[in-house]
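Source file: my_file10.pdb; contents: PDB, C-alpha atoms, pLDDT in the B column.
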ATOM      1  CA  MET A   1     -68.050  71.066 108.302  1.00 74.00           C
ATOM      2  CA  PHE A   2     -65.017  73.110 107.352  1.00 81.00           C
ATOM      3  CA  ALA A   3     -65.373  76.065 105.003  1.00 85.00           C
ATOM      4  CA  GLU A   4     -62.186  74.823 103.291  1.00 88.00           C
ATOM      5  CA  HIS A   5     -61.658  71.190 102.383  1.00 90.00           C
ATOM      6  CA  TYR A   6     -58.709  71.440  99.973  1.00 95.00           C
ATOM      7  CA  PHE A   7     -55.238  72.686 100.889  1.00 95.00           C
ATOM      8  CA  PRO A   8     -52.624  73.174  98.149  1.00 94.00           C
ATOM      9  CA  ASP A   9     -48.856  73.121  98.742  1.00 93.00           C
ATOM     10  CA  VAL A  10     -48.721  71.414 102.150  1.00 94.00           C
ATOM     11  CA  PRO A  11     -45.007  70.985 103.057  1.00 94.00           C
ATOM     12  CA  GLN A  12     -43.618  67.500 102.261  1.00 92.00           C
ATOM     13  CA  ILE A  13     -47.003  66.298 100.968  1.00 92.00           C
ATOM     14  CA  GLY A  14     -48.322  68.590  98.232  1.00 93.00           C
ATOM     15  CA  ASN A  15     -52.064  69.010  97.754  1.00 95.00           C
ATOM     16  CA  VAL A  16     -54.374  67.612 100.450  1.00 96.00           C
ATOM     17  CA  ALA A  17     -58.131  67.067 100.275  1.00 95.00           C
ATOM     18  CA  VAL A  18     -60.074  66.529 103.517  1.00 96.00           C
ATOM     19  CA  SER A  19     -62.684  63.753 103.605  1.00 95.00           C
ATOM     20  CA  ARG A  20     -66.152  64.373 104.998  1.00 94.00           C
ATOM     21  CA  HIS A  21     -65.406  61.833 107.716  1.00 95.00           C
ATOM     22  CA  ALA A  22     -62.329  63.821 108.819  1.00 95.00           C
ATOM     23  CA  GLN A  23     -64.351  67.041 108.845  1.00 94.00           C
ATOM     24  CA  GLU A  24     -67.106  65.458 110.958  1.00 95.00           C
ATOM     25  CA  ARG A  25     -64.581  63.949 113.407  1.00 94.00           C
ATOM     26  CA  ALA A  26     -62.817  67.293 113.761  1.00 94.00           C
ATOM     27  CA  GLU A  27     -66.112  69.035 114.463  1.00 94.00           C
ATOM     28  CA  GLY A  28     -67.070  66.343 116.992  1.00 93.00           C
ATOM     29  CA  ASP A  29     -63.729  66.710 118.812  1.00 93.00           C
ATOM     30  CA  GLY A  30     -63.965  70.512 118.837  1.00 94.00           C
ATOM     31  CA  ILE A  31     -61.059  71.041 116.420  1.00 95.00           C
ATOM     32  CA  THR A  32     -61.315  74.388 114.649  1.00 94.00           C
ATOM     33  CA  LEU A  33     -60.344  74.977 111.030  1.00 94.00           C
ATOM     34  CA  GLU A  34     -57.433  77.113 112.232  1.00 95.00           C
ATOM     35  CA  ALA A  35     -56.115  74.331 114.525  1.00 95.00           C
ATOM     36  CA  PHE A  36     -56.520  71.812 111.690  1.00 96.00           C
ATOM     37  CA  LYS A  37     -54.568  74.015 109.267  1.00 96.00           C
ATOM     38  CA  THR A  38     -51.804  74.651 111.817  1.00 96.00           C
ATOM     39  CA  THR A  39     -51.432  70.903 112.425  1.00 96.00           C
ATOM     40  CA  LEU A  40     -51.467  70.148 108.696  1.00 96.00           C
ATOM     41  CA  PHE A  41     -48.879  72.778 107.760  1.00 97.00           C
ATOM     42  CA  LYS A  42     -46.623  72.835 110.850  1.00 96.00           C
ATOM     43  CA  GLY A  43     -47.089  69.445 112.552  1.00 96.00           C
ATOM     44  CA  ARG A  44     -44.479  66.720 112.707  1.00 95.00           C
ATOM     45  CA  THR A  45     -44.829  63.786 110.325  1.00 94.00           C
ATOM     46  CA  ILE A  46     -45.070  60.258 111.742  1.00 94.00           C
ATOM     47  CA  PRO A  47     -44.700  57.579 109.011  1.00 92.00           C
ATOM     48  CA  GLN A  48     -47.027  54.585 109.443  1.00 93.00           C
ATOM     49  CA  GLY A  49     -45.787  52.406 106.596  1.00 87.00           C
ATOM     50  CA  GLY A  50     -47.005  52.239 103.039  1.00 89.00           C
ATOM     51  CA  SER A  51     -48.617  55.465 101.915  1.00 91.00           C
ATOM     52  CA  ILE A  52     -50.132  56.338 105.328  1.00 95.00           C
ATOM     53  CA  GLU A  53     -48.706  58.990 107.641  1.00 96.00           C
ATOM     54  CA  ILE A  54     -49.869  61.060 110.597  1.00 96.00           C
ATOM     55  CA  ARG A  55     -49.411  64.794 111.123  1.00 96.00           C
ATOM     56  CA  GLU A  56     -49.386  65.645 114.847  1.00 96.00           C
ATOM     57  CA  LEU A  57     -49.227  68.905 116.781  1.00 95.00           C
ATOM     58  CA  ASN A  58     -50.592  69.894 120.206  1.00 92.00           C
ATOM     59  CA  GLY A  59     -52.537  66.661 120.669  1.00 93.00           C
ATOM     60  CA  ILE A  60     -54.283  66.815 117.280  1.00 95.00           C
ATOM     61  CA  GLN A  61     -53.540  64.025 114.822  1.00 96.00           C
ATOM     62  CA  ILE A  62     -54.485  63.943 111.132  1.00 97.00           C
ATOM     63  CA  VAL A  63     -54.249  60.620 109.266  1.00 97.00           C
ATOM     64  CA  ILE A  64     -53.202  61.191 105.640  1.00 97.00           C
ATOM     65  CA  GLU A  65     -53.174  58.731 102.757  1.00 96.00           C
ATOM     66  CA  ARG A  66     -50.628  59.919 100.196  1.00 92.00           C
ATOM     67  CA  LYS A  67     -51.931  57.868  97.259  1.00 91.00           C
ATOM     68  CA  PRO A  68     -55.655  57.205  97.714  1.00 90.00           C
ATOM     69  CA  THR A  69     -57.463  54.968  95.242  1.00 86.00           C
ATOM     70  CA  PRO A  70     -58.489  56.309  92.806  1.00 87.00           C
ATOM     71  CA  PHE A  71     -55.763  58.966  92.841  1.00 87.00           C
ATOM     72  CA  ARG A  72     -57.093  62.374  91.802  1.00 87.00           C
ATOM     73  CA  GLY A  73     -53.937  64.445  92.231  1.00 90.00           C
ATOM     74  CA  ALA A  74     -54.144  65.086  95.975  1.00 94.00           C
ATOM     75  CA  ALA A  75     -53.391  63.238  99.191  1.00 95.00           C
ATOM     76  CA  LEU A  76     -56.449  62.519 101.355  1.00 96.00           C
ATOM     77  CA  ALA A  77     -56.871  63.382 105.031  1.00 96.00           C
ATOM     78  CA  THR A  78     -59.017  60.378 105.991  1.00 95.00           C
ATOM     79  CA  THR A  79     -59.597  61.160 109.668  1.00 95.00           C
ATOM     80  CA  CYS A  80     -58.623  63.605 112.379  1.00 95.00           C
ATOM     81  CA  TYR A  81     -58.874  63.423 116.155  1.00 94.00           C
ATOM     82  CA  ARG A  82     -57.723  65.001 119.405  1.00 93.00           C
ATOM     83  CA  MET A  83     -55.587  62.756 121.609  1.00 89.00           C
ATOM     84  CA  LYS A  84     -56.826  62.499 125.175  1.00 82.00           C
ATOM     85  CA  GLU A  85     -54.423  62.741 128.085  1.00 76.00           C
ATOM     86  CA  GLN A  86     -53.250  59.380 129.424  1.00 75.00           C
ATOM     87  CA  ALA A  87     -53.473  58.346 133.071  1.00 70.00           C
ATOM     88  CA  LYS A  88     -50.433  59.330 135.124  1.00 77.00           C
ATOM     89  CA  VAL A  89     -48.625  57.185 137.677  1.00 79.00           C
ATOM     90  CA  ARG A  90     -48.032  58.801 141.050  1.00 79.00           C
TER      91      ARG A  90
END
The structure in this file should be written as structure tokens.
Amino acid sequence: MFAEHYFPDVPQIGNVAVSRHAQERAEGDGITLEAFKTTLFKGRTIPQGGSIEIRELNGIQIVIERKPTPFRGAALATTCYRMKEQAKVR
């Protein structure tokens, strides 16, 4: 589990809390806290419709819900994973 699970002032989002599920997935995929923070703060935003968006950088994707229910003043990183390389055509 991450030593930090709350990140204030994330660009374009505001405050972000990280769910236990996201922390466990990150640990299982070998994503360090530093890589997670870099993706969260510097990754590109991919809108998914509604209040869901993805932050992506260097093959790491973080799924963020901007207005979780119940809303407690912070967006929620619901899951996080490392994208695996796709098969290549020769």
Here CA of Gly30 in chain A and CA of Glu65 in chain A stand apart by 22.7 Å
Residues returned when the PyMOL selection byres ((chain A and resi 40) around 8) runs on this file, as a ChimeraX atom specification = /A:10,36-39,41-43,55-56,62
Output C-alpha atoms for every residue in that selection, as a PDB file, in the coordinates of the input.
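See out24.pdb below for the written result:
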ATOM      1  CA  VAL A  10     -48.721  71.414 102.150  1.00 94.00           C
ATOM      2  CA  PHE A  36     -56.520  71.812 111.690  1.00 96.00           C
ATOM      3  CA  LYS A  37     -54.568  74.015 109.267  1.00 96.00           C
ATOM      4  CA  THR A  38     -51.804  74.651 111.817  1.00 96.00           C
ATOM      5  CA  THR A  39     -51.432  70.903 112.425  1.00 96.00           C
ATOM      6  CA  PHE A  41     -48.879  72.778 107.760  1.00 97.00           C
ATOM      7  CA  LYS A  42     -46.623  72.835 110.850  1.00 96.00           C
ATOM      8  CA  GLY A  43     -47.089  69.445 112.552  1.00 96.00           C
ATOM      9  CA  ARG A  55     -49.411  64.794 111.123  1.00 96.00           C
ATOM     10  CA  GLU A  56     -49.386  65.645 114.847  1.00 96.00           C
ATOM     11  CA  ILE A  62     -54.485  63.943 111.132  1.00 97.00           C
TER      12      ILE A  62
END
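The space separating CA of Ile52 in chain A from CA of Ala3 in chain A comes to 24.9 Å.
Of the residues under consideration (A:Gln61, A:Gly14, A:Asp29, A:Phe2), A:Gln61 shows the shortest atom-to-atom contact distance to Arg44 in chain A when counting all atoms listed in the file.
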Which residue, A:Thr45, A:Ala35, A:Ala77, A:Ala17, has the smallest gap to Asn58 in chain A when you use all atoms listed in the file?
-> A:Ala35
Any idea what the distance is between CA of Ile13 in chain A and CA of Glu27 in chain A?
-> 23.6 Å
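For Arg20 in chain A, the set of protein, DNA and RNA residues having any atom at most 10 Å away, when counting only C-alpha atoms and skipping those fewer than 5 positions along the same chain, is Met1, Phe2, His5, Arg25, Ala26, Ala77, Thr78 and Thr79 of chain A.
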Step by step, work through what the PyMOL selection byres ((chain A and resi 82) around 6) selects in the shown file, and finish by giving those residues as an MDAnalysis selection string.
-> chainID A and resid 59:60 81 83
Output of the above residues as a compact mmCIF listing (two decimals), in the coordinates of the input, restricted to C-alpha atoms:
# COMPACT_ATOMS: atom_id res chain seq x y z
CA GLY A 59 -52.54 66.66 120.67
CA ILE A 60 -54.28 66.82 117.28
CA TYR A 81 -58.87 63.42 116.16
CA MET A 83 -55.59 62.76 121.61
Please determine the residues with any atom at most 10 Å from (-50.5, 54.4, 97.4) (coordinates as given in the file, with only C-alpha atoms counting) and report them as a list in words.
-> Gly50, Ser51, Ile52, Glu65, Arg66, Lys67, Pro68, Thr69, Pro70, Phe71 and Ala75 of chain A
The PyMOL selection byres ((chain A and resi 74) around 6) resolved against shown file, as an mmCIF file with C-alpha atoms, in the coordinates of the input:
data_model
loop_
_atom_site.group_PDB
_atom_site.id
_atom_site.type_symbol
_atom_site.label_atom_id
_atom_site.label_comp_id
_atom_site.auth_asym_id
_atom_site.auth_seq_id
_atom_site.Cartn_x
_atom_site.Cartn_y
_atom_site.Cartn_z
ATOM 1 C CA ASN A 15 -52.064 69.010 97.754
ATOM 2 C CA VAL A 16 -54.374 67.612 100.450
ATOM 3 C CA ARG A 72 -57.093 62.374 91.802
ATOM 4 C CA GLY A 73 -53.937 64.445 92.231
ATOM 5 C CA ALA A 75 -53.391 63.238 99.191
#
